[in-house]
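Each remark here refers to the structure printed beneath this line.
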Amino acid sequence: MEPDNLFSFSVLAIKYLYPGFFLRIQGDMFRRIGNLLAKDLLYSRRESILVYSITGMLLLAVGMLFFLPSLEQMDILFVVDDSVPPEVARQLEAYGQVEYYANLHRLRERVLEFDDVPGIYYAGGEYVVLLEGNEEWPY
């Protein structure tokens, strides 16, 4: 068996010259890890850190159980005007609700309201998205 580098040669040499070497290392390592865990458990019980951390995690999990279902039910609302072709508006309906407005000024007023509703219109051969209502205005 030909080793391909010095490291593998060293491992092979140790393995054949000292058969129990790796088992002793693993045993010592597991014993040290066990001692560290026992010490940590003792200190955490003495200072009540363990109780605080478990209680905190449980409260966080319960809070997430109440909050996460509302994220799944979240619905997106788009506002479009008459310049957007009907097939594009139908494609938007696959992602959320679509409100239709007759003119661009009413669309801008709707986008300026206090909720976060994007407005989409078609001007100059391209689609324009109004997110906050303070974007550059074509008129």
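By convention here, the chains of the structure tokens are called A, B, ... in the order presented, each chain's residues are numbered starting at 1, and ligands are numbered starting at 1 in the order presented.
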(message) At a cut-off of 8 Å, using only C-alpha atoms, what residues contact Val98 (chain A)? Leave out same-chain residues fewer than 3 positions from it and give the result as number ranges by chain.
(response) A: 77-80, 89, 92-93
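Backbone DSSP of region 71-107 of chain A yields strand (DSSP E) at A:Leu77, A:Phe78, A:Val79, A:Val80, A:Asp81, A:Gln97, A:Val98, A:Glu99, A:Tyr100, A:Tyr101.
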The selected residues should be written to file as an mmCIF file, in the first residue's frame (atoms: N, CA and C atoms).
```cif
data_model
loop_
_atom_site.group_PDB
_atom_site.id
_atom_site.type_symbol
_atom_site.label_atom_id
_atom_site.label_comp_id
_atom_site.auth_asym_id
_atom_site.auth_seq_id
_atom_site.Cartn_x
_atom_site.Cartn_y
_atom_site.Cartn_z
ATOM 1 N N LEU A 77 -51.744 43.150 -2.520
ATOM 2 C CA LEU A 77 -52.722 43.920 -3.285
ATOM 3 C C LEU A 77 -51.977 44.767 -4.300
ATOM 4 N N PHE A 78 -52.375 44.678 -5.559
ATOM 5 C CA PHE A 78 -51.810 45.490 -6.630
ATOM 6 C C PHE A 78 -52.870 46.460 -7.110
ATOM 7 N N VAL A 79 -52.428 47.632 -7.553
ATOM 8 C CA VAL A 79 -53.335 48.626 -8.123
ATOM 9 C C VAL A 79 -52.872 48.883 -9.547
ATOM 10 N N VAL A 80 -53.781 48.751 -10.515
ATOM 11 C CA VAL A 80 -53.454 49.010 -11.917
ATOM 12 C C VAL A 80 -54.482 49.978 -12.490
ATOM 13 N N ASP A 81 -54.074 50.665 -13.542
ATOM 14 C CA ASP A 81 -55.038 51.534 -14.224
ATOM 15 C C ASP A 81 -55.367 50.958 -15.596
ATOM 16 N N GLN A 97 -54.419 40.112 -4.975
ATOM 17 C CA GLN A 97 -55.615 40.825 -5.436
ATOM 18 C C GLN A 97 -55.212 42.015 -6.298
ATOM 19 N N VAL A 98 -56.076 42.363 -7.239
ATOM 20 C CA VAL A 98 -55.817 43.480 -8.143
ATOM 21 C C VAL A 98 -56.995 44.437 -8.086
ATOM 22 N N GLU A 99 -56.698 45.721 -7.852
ATOM 23 C CA GLU A 99 -57.712 46.772 -7.917
ATOM 24 C C GLU A 99 -57.498 47.554 -9.206
ATOM 25 N N TYR A 100 -58.596 47.878 -9.865
ATOM 26 C CA TYR A 100 -58.528 48.582 -11.139
ATOM 27 C C TYR A 100 -59.015 50.021 -10.943
ATOM 28 N N TYR A 101 -58.286 50.974 -11.521
ATOM 29 C CA TYR A 101 -58.680 52.375 -11.468
ATOM 30 C C TYR A 101 -58.703 52.934 -12.875
#
```
(request) Would you mind telling me which residue in A:Val84, A:Leu65, A:Met74, A:Ala38 lies nearest to Leu107 (chain A) when using only C-alpha atoms? (result) A:Val84
(message) One decimal, in Å: what's the spacing between CA of Leu60 (chain A) and CA of Leu37 (chain A)?
(response)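 Value for the CA of Leu60 (chain A)-CA of Leu37 (chain A) distance: 24.7 Å.
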(message) One decimal, in Å: what's the spacing between CA of Leu104 (chain A) and CA of Asp82 (chain A)?
(response) 8.3 Å
(message) Just want the 12 Å neighbourhood of Phe114 (chain A), counted on only C-alpha atoms, with same-chain residues fewer than 3 positions away dropped. Output as JSON, numbers by chain.
(response) {"A": [109, 110, 111, 117, 118, 131, 132, 133]}
(message) I need the residues in region 13-122 of chain A that are helix (DSSP H, G or I) according to DSSP; give them as a VMD selection string.
(response) chain A and resid 13 to 17 21 to 47 49 to 72 86 to 93 104 to 111
(message) One number please: CA of Pro69 (chain A) to CA of Tyr95 (chain A), in Å, one decimal.
(response) 18.6 Å
